[in-house]
file target.cif (mmCIF, C-alpha atoms)
data_my_file
loop_
_atom_site.label_atom_id
_atom_site.label_comp_id
_atom_site.auth_asym_id
_atom_site.auth_seq_id
_atom_site.Cartn_x
_atom_site.Cartn_y
_atom_site.Cartn_z
CA ALA C 1 -13.05 4.37 -9.98
CA GLN C 2 -10.37 1.81 -10.52
CA THR C 3 -10.56 -1.65 -9.02
CA VAL C 4 -7.87 -4.25 -8.49
CA THR C 5 -8.67 -7.94 -8.19
CA GLN C 6 -6.47 -10.70 -6.85
CA SER C 7 -8.38 -13.90 -7.39
CA GLN C 8 -6.11 -16.20 -5.38
CA PRO C 9 -6.48 -15.63 -1.62
CA GLU C 10 -3.82 -18.22 -0.86
CA MET C 11 -1.11 -20.02 -2.79
CA SER C 12 1.77 -22.31 -1.96
CA VAL C 13 5.02 -23.16 -3.71
CA GLN C 14 7.81 -25.60 -3.12
CA GLU C 15 11.14 -24.07 -2.25
CA ALA C 16 13.26 -23.43 -5.39
CA GLU C 17 10.20 -23.69 -7.65
CA THR C 18 8.44 -20.93 -9.57
CA VAL C 19 5.07 -19.43 -8.70
CA THR C 20 2.84 -16.87 -10.42
CA LEU C 21 0.44 -14.59 -8.58
CA SER C 22 -2.45 -13.13 -10.55
CA CYS C 23 -3.76 -9.58 -10.61
CA THR C 24 -6.33 -7.94 -12.86
CA TYR C 25 -7.53 -4.37 -12.78
CA ASP C 26 -10.26 -2.27 -14.23
CA THR C 27 -9.59 1.23 -15.54
CA SER C 28 -10.58 3.56 -18.36
CA GLU C 29 -7.26 5.36 -18.22
CA SER C 30 -4.49 4.82 -20.74
CA ASP C 31 -1.56 5.83 -18.58
CA TYR C 32 -1.00 4.46 -15.09
CA TYR C 33 1.42 2.59 -12.89
CA LEU C 34 1.22 -0.84 -11.32
CA PHE C 35 3.03 -2.18 -8.28
CA TRP C 36 3.51 -5.35 -6.29
CA TYR C 37 4.07 -5.00 -2.56
CA LYS C 38 5.20 -7.73 -0.19
CA GLN C 39 4.08 -7.85 3.44
CA PRO C 40 5.97 -10.41 5.55
CA PRO C 41 4.82 -11.36 9.06
CA SER C 42 6.65 -8.29 10.38
CA ARG C 43 3.83 -6.30 8.76
CA GLN C 44 6.22 -3.97 6.93
CA MET C 45 5.09 -3.10 3.39
CA ILE C 46 7.94 -3.62 0.93
CA LEU C 47 7.83 -2.56 -2.71
CA VAL C 48 8.81 -5.52 -4.89
CA ILE C 49 8.41 -4.29 -8.44
CA ARG C 50 6.83 -1.49 -10.50
CA GLN C 51 5.54 -1.20 -14.06
CA GLU C 52 4.66 1.81 -16.17
CA ALA C 53 1.71 1.17 -18.46
CA TYR C 54 3.26 2.93 -21.44
CA LYS C 55 6.22 0.54 -21.37
CA GLN C 56 5.64 -2.71 -23.20
CA GLN C 57 8.69 -4.35 -21.70
CA ASN C 58 7.94 -6.37 -18.58
CA ALA C 59 9.72 -5.23 -15.43
CA THR C 60 12.16 -7.53 -13.66
CA GLU C 61 13.90 -7.29 -10.30
CA ASN C 62 16.24 -10.21 -9.66
CA ARG C 63 14.01 -13.27 -9.06
CA PHE C 64 10.82 -11.23 -9.48
CA SER C 65 9.29 -10.45 -12.85
CA VAL C 66 5.90 -9.42 -14.13
CA ASN C 67 3.75 -10.37 -17.09
CA PHE C 68 2.00 -7.14 -18.03
CA GLN C 69 -0.83 -7.54 -20.54
CA LYS C 70 -2.30 -4.07 -21.03
CA ALA C 71 -5.14 -5.07 -23.33
CA ALA C 72 -6.23 -7.80 -20.94
CA LYS C 73 -5.64 -5.52 -17.93
CA SER C 74 -3.56 -8.20 -16.29
CA PHE C 75 -0.43 -7.80 -14.17
CA SER C 76 0.86 -11.09 -12.77
CA LEU C 77 3.95 -11.54 -10.59
CA LYS C 78 6.33 -14.42 -11.16
CA ILE C 79 8.70 -15.47 -8.40
CA SER C 80 11.50 -17.74 -9.57
CA ASP C 81 13.64 -19.99 -7.37
CA SER C 82 11.31 -19.43 -4.43
CA GLN C 83 12.92 -18.99 -1.04
CA LEU C 84 11.55 -19.36 2.48
CA GLY C 85 11.84 -15.59 2.89
CA ASP C 86 9.36 -15.09 0.06
CA ALA C 87 6.55 -16.30 2.30
CA ALA C 88 4.31 -13.27 2.78
CA MET C 89 1.15 -11.48 1.74
CA TYR C 90 1.49 -9.97 -1.71
CA PHE C 91 -0.57 -6.98 -2.78
CA CYS C 92 -1.11 -5.68 -6.28
CA ALA C 93 -1.69 -1.91 -6.49
CA TYR C 94 -2.73 0.60 -9.13
CA ARG C 95 -1.94 4.30 -9.40
CA SER C 96 -3.18 6.81 -11.95
CA ALA C 97 -0.56 8.78 -13.84
CA TYR C 98 -2.56 12.01 -14.03
CA GLY C 99 -5.27 13.91 -12.23
CA ALA C 100 -6.24 14.62 -8.65
CA GLY C 101 -5.97 10.97 -7.67
CA SER C 102 -2.64 10.43 -9.29
CA TYR C 103 -0.69 9.85 -6.08
CA GLN C 104 -3.15 7.44 -4.47
CA LEU C 105 -2.81 3.66 -4.52
CA THR C 106 -5.71 1.27 -5.01
CA PHE C 107 -4.89 -2.16 -3.61
CA GLY C 108 -6.15 -5.64 -4.28
CA LYS C 109 -7.15 -7.82 -1.34
CA GLY C 110 -3.91 -9.73 -1.33
CA THR C 111 -2.57 -13.24 -1.90
CA LYS C 112 -0.98 -15.14 0.96
CA LEU C 113 2.01 -17.09 -0.32
CA SER C 114 3.39 -20.03 1.62
CA VAL C 115 6.75 -21.59 0.76
CA ILE C 116 7.14 -25.28 1.52
CA PRO C 117 10.66 -26.44 2.44
CA ASP Y 118 18.64 8.08 7.60
CA ALA Y 119 15.23 9.37 6.61
CA GLU Y 120 12.31 7.32 7.83
CA ILE Y 121 8.59 7.19 8.48
CA THR Y 122 7.46 6.30 11.98
CA GLN Y 123 4.13 5.61 13.61
CA SER Y 124 3.12 5.74 17.24
CA PRO Y 125 1.89 3.99 19.19
CA ARG Y 126 2.58 0.59 17.62
CA HIS Y 127 -0.24 -0.97 19.60
CA LYS Y 128 -3.25 0.67 21.20
CA ILE Y 129 -6.27 -0.62 23.08
CA THR Y 130 -9.10 1.82 23.67
CA GLU Y 131 -12.73 1.80 24.65
CA THR Y 132 -15.74 2.50 22.49
CA GLY Y 133 -16.56 6.20 22.35
CA ARG Y 134 -13.12 7.51 23.22
CA GLN Y 135 -11.18 9.85 20.97
CA VAL Y 136 -7.93 8.35 19.70
CA THR Y 137 -5.08 9.94 17.76
CA LEU Y 138 -2.51 7.94 15.83
CA ALA Y 139 0.71 9.72 14.99
CA CYS Y 140 2.65 9.57 11.73
CA HIS Y 141 5.99 11.35 11.27
CA GLN Y 142 8.22 11.27 8.19
CA THR Y 143 11.63 12.80 7.65
CA TRP Y 144 11.70 12.31 3.87
CA ASN Y 145 10.37 15.82 3.30
CA HIS Y 146 7.58 14.28 1.21
CA ASN Y 147 4.62 16.43 0.26
CA ASN Y 148 2.22 13.49 -0.03
CA MET Y 149 1.03 11.56 3.01
CA PHE Y 150 -1.61 8.85 3.30
CA TRP Y 151 -3.49 6.83 5.90
CA TYR Y 152 -4.74 3.30 5.17
CA ARG Y 153 -6.46 0.66 7.20
CA GLN Y 154 -5.83 -3.03 6.66
CA ASP Y 155 -8.49 -5.61 7.42
CA LEU Y 156 -8.55 -9.30 6.65
CA GLY Y 157 -10.19 -9.85 3.29
CA HIS Y 158 -10.06 -6.19 2.31
CA GLY Y 159 -6.44 -5.39 1.64
CA LEU Y 160 -5.47 -1.78 2.32
CA ARG Y 161 -8.10 0.90 1.98
CA LEU Y 162 -7.43 4.62 1.85
CA ILE Y 163 -8.82 6.69 4.73
CA HIS Y 164 -7.43 10.20 4.16
CA TYR Y 165 -4.59 11.78 2.27
CA SER Y 166 -2.74 15.08 2.04
CA TYR Y 167 -0.73 16.62 -0.78
CA GLY Y 168 0.79 19.39 1.31
CA VAL Y 169 0.50 21.57 4.37
CA HIS Y 170 -3.12 22.50 5.13
CA ASP Y 171 -4.35 20.16 2.38
CA THR Y 172 -6.49 17.15 3.36
CA ASN Y 173 -8.78 14.90 1.33
CA LYS Y 174 -11.17 12.05 2.05
CA GLY Y 175 -10.45 8.57 0.86
CA GLU Y 176 -12.61 5.53 0.37
CA VAL Y 177 -13.37 4.87 4.06
CA SER Y 178 -13.17 8.28 5.76
CA ASP Y 179 -16.30 8.18 7.95
CA GLY Y 180 -15.38 8.51 11.63
CA TYR Y 181 -11.83 9.69 10.92
CA SER Y 182 -10.18 13.08 10.52
CA VAL Y 183 -6.72 14.42 9.73
CA SER Y 184 -4.99 17.77 9.78
CA ARG Y 185 -1.66 18.79 8.26
CA SER Y 186 0.08 21.68 9.98
CA ASN Y 187 3.59 20.87 8.78
CA THR Y 188 5.32 18.72 6.18
CA GLU Y 189 6.47 15.99 8.56
CA ASP Y 190 3.28 14.99 10.39
CA LEU Y 191 -0.18 13.72 9.53
CA PRO Y 192 -2.03 12.60 12.69
CA LEU Y 193 -5.14 10.48 12.28
CA THR Y 194 -7.96 11.07 14.76
CA LEU Y 195 -10.84 8.74 15.50
CA GLU Y 196 -13.44 11.10 16.90
CA SER Y 197 -15.44 8.45 18.76
CA ALA Y 198 -13.89 5.02 18.46
CA ALA Y 199 -16.13 2.17 17.37
CA SER Y 200 -15.50 -1.59 17.36
CA SER Y 201 -15.65 -1.51 13.56
CA GLN Y 202 -12.49 0.61 13.65
CA THR Y 203 -10.44 -2.21 15.14
CA SER Y 204 -7.79 -2.62 12.47
CA VAL Y 205 -4.16 -2.17 11.53
CA TYR Y 206 -3.41 1.36 10.38
CA PHE Y 207 -0.63 2.28 8.00
CA CYS Y 208 0.78 5.67 7.22
CA ALA Y 209 2.65 6.24 3.96
CA SER Y 210 4.39 9.10 2.20
CA SER Y 211 5.66 9.86 -1.28
CA GLY Y 212 7.47 12.59 -3.12
CA PRO Y 213 10.23 13.31 -5.60
CA THR Y 214 12.78 11.51 -3.43
CA SER Y 215 10.77 8.28 -3.24
CA GLY Y 216 11.52 7.26 -6.78
CA ARG Y 217 10.70 8.15 -10.35
CA LEU Y 218 7.15 6.89 -9.90
CA TYR Y 219 6.64 8.57 -6.52
CA GLU Y 220 6.53 5.19 -4.83
CA GLN Y 221 4.92 5.20 -1.42
CA TYR Y 222 7.04 4.44 1.63
CA PHE Y 223 5.11 2.83 4.47
CA GLY Y 224 5.40 3.11 8.21
CA PRO Y 225 5.47 -0.01 10.42
CA GLY Y 226 1.75 0.14 11.21
CA THR Y 227 -0.34 0.62 14.35
CA ARG Y 228 -2.59 -2.14 15.61
CA LEU Y 229 -5.68 -0.57 17.18
CA THR Y 230 -8.19 -2.54 19.20
CA VAL Y 231 -11.47 -0.94 20.24
CA THR Y 232 -13.23 -2.81 23.07
#

call {"tool": "encode", "arguments": {"input": "target.cif", "output": "structure tokens"}}
result
Amino acid sequence: AQTVTQSQPEMSVQEAETVTLSCTYDTSESDYYLFWYKQPPSRQMILVIRQEAYKQQNATENRFSVNFQKAAKSFSLKISDSQLGDAAMYFCAYRSAYGAGSYQLTFGKGTKLSVIP
Amino acid sequence: DAEITQSPRHKITETGRQVTLACHQTWNHNNMFWYRQDLGHGLRLIHYSYGVHDTNKGEVSDGYSVSRSNTEDLPLTLESAASSQTSVYFCASSGPTSGRLYEQYFGPGTRLTVT
């Protein structure tokens, strides 16, 4: 079974600065997908960014980018020019590309990000 | 617009009672999922379904059941509610229309308190 680890329960960043959230995962599969979800105080789960394991190029979505290191099984999220609205819980998630479990998500425990004005 | 809804949004029940949480999606997604979210645990999969009449157990399925009689709905039943089932419950769905990677769309969540 796959596991996802987020080693930073809480982090803080100054507004307009850059912050990196860490995520590592354990899998024996070669093809899979990785996601970062944001959960603001409203509780709604919002997909931030996605990465396909077979793609070497790191995904970017506006101020959000990832550093995907397949050999190290690491998938960190970088938030540039942090804004007050970025304050939220962030979850890293893994999904297999094939097999019976290929539509399920395995989540890390989350990192609570605070943004300081 | 298509959406995924959950009801009720908040529920307080007593230990031992049967409780059913509703999940309804209008995306026409084949895949539906139930998760629970607890502090320090992230989201954990309870049950999932890949189509009508298909149901499967997830990581934390004990004490829960689901049935899928149509594409749109996947109700989650707590057979005999326990205090350990106090949690926030999320329903999600995915399918060809949720993106190239079958990204999961989440409902707004139901906060359940068992007293």

call {"tool": "residues_around", "arguments": {"input": "target.cif", "residues": "Cys23 (chain C)", "least_positions_apart": "4", "cutoff": "6 Å", "atoms": "only C-alpha atoms", "output": "list in words"}}
result
Thr5, Gln6, Ser74, Phe75 and Ser76 of chain C

call {"tool": "closest_residue", "arguments": {"input": "target.cif", "among": "Y:Ser184, Y:Asn173, Y:Thr137, Y:Asn145", "to": "chain C", "atoms": "only C-alpha atoms"}}
result
Y:Asn173

call {"tool": "interface_residues", "arguments": {"input": "target.cif", "of": "chain Y", "to": "chain C", "cutoff": "10 Å", "atoms": "all atoms listed in the file", "output": "count of residues only"}}
result
34

call {"tool": "resolve_selection", "arguments": {"input": "target.cif", "expression": "the PyMOL selection byres ((chain Y and resi 230) around 8)", "output": "number ranges by chain"}}
result
Y: 128-130, 200, 202-204, 228-229, 231-232

call {"tool": "residues_around", "arguments": {"input": "target.cif", "residues": "Gln14 (chain C)", "least_positions_apart": "5", "cutoff": "12 Å", "atoms": "all atoms listed in the file", "output": "MDAnalysis selection string"}}
result
chainID C and resid 19 79:84 86:87 113:117

call {"tool": "atom_distance", "arguments": {"input": "target.cif", "atom1": "CA of Thr27 (chain C)", "atom2": "CA of Tyr94 (chain C)"}}
result
9.4 Å

call {"tool": "resolve_selection", "arguments": {"input": "target.cif", "expression": "the PyMOL selection byres ((chain C and resi 20) around 6)", "output": "list in words"}}
result
Val19, Leu21, Leu77 and Lys78 of chain C

call {"tool": "resolve_selection", "arguments": {"input": "target.cif", "expression": "the PyMOL selection byres ((chain C and resi 70-73) around 6)", "output": "list in words"}}
result
Thr24, Tyr25, Gln69 and Ser74 of chain C

call {"tool": "residues_around", "arguments": {"input": "target.cif", "residues": "Trp144 (chain Y)", "least_positions_apart": "4", "cutoff": "8 Å", "atoms": "all atoms listed in the file", "output": "ChimeraX atom specification"}}
result
/Y:119-121,189,214

call {"tool": "write_last_selection", "arguments": {"input": "target.cif", "atoms": "C-alpha atoms", "output": "short mmCIF file (atom, residue, chain, number, x, y, z; two decimals), keeping the file's coordinate frame"}}
result
data_model
loop_
_atom_site.label_atom_id
_atom_site.label_comp_id
_atom_site.auth_asym_id
_atom_site.auth_seq_id
_atom_site.Cartn_x
_atom_site.Cartn_y
_atom_site.Cartn_z
CA ALA Y 119 15.23 9.37 6.61
CA GLU Y 120 12.31 7.32 7.83
CA ILE Y 121 8.59 7.19 8.48
CA GLU Y 189 6.47 15.99 8.56
CA THR Y 214 12.78 11.51 -3.43
#

call {"tool": "atom_distance", "arguments": {"input": "target.cif", "atom1": "CA of Phe68 (chain C)", "atom2": "CA of Val48 (chain C)"}}
result
14.9 Å

call {"tool": "atom_distance", "arguments": {"input": "target.cif", "atom1": "CA of Asn58 (chain C)", "atom2": "CA of Pro40 (chain C)"}}
result
24.5 Å

call {"tool": "closest_residue", "arguments": {"input": "target.cif", "among": "Y:Pro213, Y:Pro125, Y:Gly133, Y:Gly168", "to": "Ala198 (chain Y)", "atoms": "all atoms listed in the file"}}
result
Y:Gly133

call {"tool": "closest_residue", "arguments": {"input": "target.cif", "among": "C:Ser12, C:Thr3, C:Gln56, C:Ser28", "to": "Ala88 (chain C)", "atoms": "all atoms listed in the file"}}
result
C:Ser12

call {"tool": "residues_around", "arguments": {"input": "target.cif", "residues": "Thr194 (chain Y)", "least_positions_apart": "6", "cutoff": "6 Å", "atoms": "only C-alpha atoms", "output": "JSON, numbers by chain"}}
result
{"Y": [136, 137, 181, 182]}

call {"tool": "closest_residue", "arguments": {"input": "target.cif", "among": "C:Lys38, C:Ala59, C:Asp31, C:Ser7", "to": "Tyr98 (chain C)", "atoms": "all atoms listed in the file"}}
result
C:Asp31

call {"tool": "build_atoms", "arguments": {"input": "target.cif", "residues": "region 31-52 of chain C", "atoms": "N, CA, C and O atoms", "output": "PDB file, in the coordinates of the input"}}
result
ATOM      1  N   ASP C  31      -2.883   5.732 -19.185  1.00  0.00           N
ATOM      2  CA  ASP C  31      -1.560   5.830 -18.580  1.00  0.00           C
ATOM      3  C   ASP C  31      -1.692   5.668 -17.063  1.00  0.00           C
ATOM      4  O   ASP C  31      -2.480   6.385 -16.433  1.00  0.00           O
ATOM      5  N   TYR C  32      -0.903   4.769 -16.521  1.00  0.00           N
ATOM      6  CA  TYR C  32      -1.000   4.460 -15.090  1.00  0.00           C
ATOM      7  C   TYR C  32       0.229   3.654 -14.693  1.00  0.00           C
ATOM      8  O   TYR C  32       1.080   3.309 -15.528  1.00  0.00           O
ATOM      9  N   TYR C  33       0.303   3.367 -13.416  1.00  0.00           N
ATOM     10  CA  TYR C  33       1.420   2.590 -12.890  1.00  0.00           C
ATOM     11  C   TYR C  33       0.870   1.419 -12.072  1.00  0.00           C
ATOM     12  O   TYR C  33      -0.180   1.529 -11.438  1.00  0.00           O
ATOM     13  N   LEU C  34       1.605   0.340 -12.069  1.00  0.00           N
ATOM     14  CA  LEU C  34       1.220  -0.840 -11.320  1.00  0.00           C
ATOM     15  C   LEU C  34       2.369  -1.283 -10.428  1.00  0.00           C
ATOM     16  O   LEU C  34       3.544  -1.143 -10.797  1.00  0.00           O
ATOM     17  N   PHE C  35       2.019  -1.806  -9.271  1.00  0.00           N
ATOM     18  CA  PHE C  35       3.030  -2.180  -8.280  1.00  0.00           C
ATOM     19  C   PHE C  35       2.653  -3.525  -7.643  1.00  0.00           C
ATOM     20  O   PHE C  35       1.477  -3.876  -7.545  1.00  0.00           O
ATOM     21  N   TRP C  36       3.687  -4.222  -7.201  1.00  0.00           N
ATOM     22  CA  TRP C  36       3.510  -5.350  -6.290  1.00  0.00           C
ATOM     23  C   TRP C  36       4.232  -5.023  -4.999  1.00  0.00           C
ATOM     24  O   TRP C  36       5.416  -4.660  -5.013  1.00  0.00           O
ATOM     25  N   TYR C  37       3.502  -5.171  -3.883  1.00  0.00           N
ATOM     26  CA  TYR C  37       4.070  -5.000  -2.560  1.00  0.00           C
ATOM     27  C   TYR C  37       4.064  -6.345  -1.839  1.00  0.00           C
ATOM     28  O   TYR C  37       3.145  -7.147  -1.991  1.00  0.00           O
ATOM     29  N   LYS C  38       5.075  -6.533  -1.022  1.00  0.00           N
ATOM     30  CA  LYS C  38       5.200  -7.730  -0.190  1.00  0.00           C
ATOM     31  C   LYS C  38       5.017  -7.319   1.273  1.00  0.00           C
ATOM     32  O   LYS C  38       5.573  -6.297   1.706  1.00  0.00           O
ATOM     33  N   GLN C  39       4.245  -8.110   2.013  1.00  0.00           N
ATOM     34  CA  GLN C  39       4.080  -7.850   3.440  1.00  0.00           C
ATOM     35  C   GLN C  39       4.398  -9.123   4.220  1.00  0.00           C
ATOM     36  O   GLN C  39       3.568 -10.009   4.354  1.00  0.00           O
ATOM     37  N   PRO C  40       5.605  -9.243   4.737  1.00  0.00           N
ATOM     38  CA  PRO C  40       5.970 -10.410   5.550  1.00  0.00           C
ATOM     39  C   PRO C  40       5.291 -10.348   6.914  1.00  0.00           C
ATOM     40  O   PRO C  40       4.599  -9.367   7.213  1.00  0.00           O
ATOM     41  N   PRO C  41       5.445 -11.365   7.737  1.00  0.00           N
ATOM     42  CA  PRO C  41       4.820 -11.360   9.060  1.00  0.00           C
ATOM     43  C   PRO C  41       5.177 -10.151   9.918  1.00  0.00           C
ATOM     44  O   PRO C  41       4.451  -9.811  10.839  1.00  0.00           O
ATOM     45  N   SER C  42       6.276  -9.500   9.637  1.00  0.00           N
ATOM     46  CA  SER C  42       6.650  -8.290  10.380  1.00  0.00           C
ATOM     47  C   SER C  42       5.685  -7.134  10.121  1.00  0.00           C
ATOM     48  O   SER C  42       5.701  -6.136  10.839  1.00  0.00           O
ATOM     49  N   ARG C  43       4.853  -7.268   9.114  1.00  0.00           N
ATOM     50  CA  ARG C  43       3.830  -6.300   8.760  1.00  0.00           C
ATOM     51  C   ARG C  43       4.351  -5.155   7.891  1.00  0.00           C
ATOM     52  O   ARG C  43       3.565  -4.354   7.382  1.00  0.00           O
ATOM     53  N   GLN C  44       5.657  -5.047   7.728  1.00  0.00           N
ATOM     54  CA  GLN C  44       6.220  -3.970   6.930  1.00  0.00           C
ATOM     55  C   GLN C  44       5.855  -4.136   5.464  1.00  0.00           C
ATOM     56  O   GLN C  44       5.966  -5.228   4.922  1.00  0.00           O
ATOM     57  N   MET C  45       5.418  -3.071   4.813  1.00  0.00           N
ATOM     58  CA  MET C  45       5.090  -3.100   3.390  1.00  0.00           C
ATOM     59  C   MET C  45       6.353  -2.813   2.596  1.00  0.00           C
ATOM     60  O   MET C  45       6.988  -1.768   2.780  1.00  0.00           O
ATOM     61  N   ILE C  46       6.697  -3.725   1.692  1.00  0.00           N
ATOM     62  CA  ILE C  46       7.940  -3.620   0.930  1.00  0.00           C
ATOM     63  C   ILE C  46       7.601  -3.619  -0.556  1.00  0.00           C
ATOM     64  O   ILE C  46       6.934  -4.540  -1.038  1.00  0.00           O
ATOM     65  N   LEU C  47       8.067  -2.608  -1.275  1.00  0.00           N
ATOM     66  CA  LEU C  47       7.830  -2.560  -2.710  1.00  0.00           C
ATOM     67  C   LEU C  47       8.704  -3.601  -3.404  1.00  0.00           C
ATOM     68  O   LEU C  47       9.920  -3.632  -3.212  1.00  0.00           O
ATOM     69  N   VAL C  48       8.089  -4.444  -4.205  1.00  0.00           N
ATOM     70  CA  VAL C  48       8.810  -5.520  -4.890  1.00  0.00           C
ATOM     71  C   VAL C  48       9.170  -5.111  -6.304  1.00  0.00           C
ATOM     72  O   VAL C  48      10.313  -5.287  -6.745  1.00  0.00           O
ATOM     73  N   ILE C  49       8.192  -4.570  -7.036  1.00  0.00           N
ATOM     74  CA  ILE C  49       8.410  -4.290  -8.440  1.00  0.00           C
ATOM     75  C   ILE C  49       7.364  -3.290  -8.920  1.00  0.00           C
ATOM     76  O   ILE C  49       6.278  -3.193  -8.334  1.00  0.00           O
ATOM     77  N   ARG C  50       7.706  -2.541  -9.971  1.00  0.00           N
ATOM     78  CA  ARG C  50       6.830  -1.490 -10.500  1.00  0.00           C
ATOM     79  C   ARG C  50       6.806  -1.607 -12.029  1.00  0.00           C
ATOM     80  O   ARG C  50       7.755  -2.065 -12.650  1.00  0.00           O
ATOM     81  N   GLN C  51       5.694  -1.149 -12.605  1.00  0.00           N
ATOM     82  CA  GLN C  51       5.540  -1.200 -14.060  1.00  0.00           C
ATOM     83  C   GLN C  51       4.819   0.047 -14.532  1.00  0.00           C
ATOM     84  O   GLN C  51       3.792   0.419 -13.954  1.00  0.00           O
ATOM     85  N   GLU C  52       5.348   0.664 -15.554  1.00  0.00           N
ATOM     86  CA  GLU C  52       4.660   1.810 -16.170  1.00  0.00           C
ATOM     87  C   GLU C  52       3.845   1.305 -17.352  1.00  0.00           C
ATOM     88  O   GLU C  52       4.366   0.552 -18.190  1.00  0.00           O
TER      89      GLU C  52
END
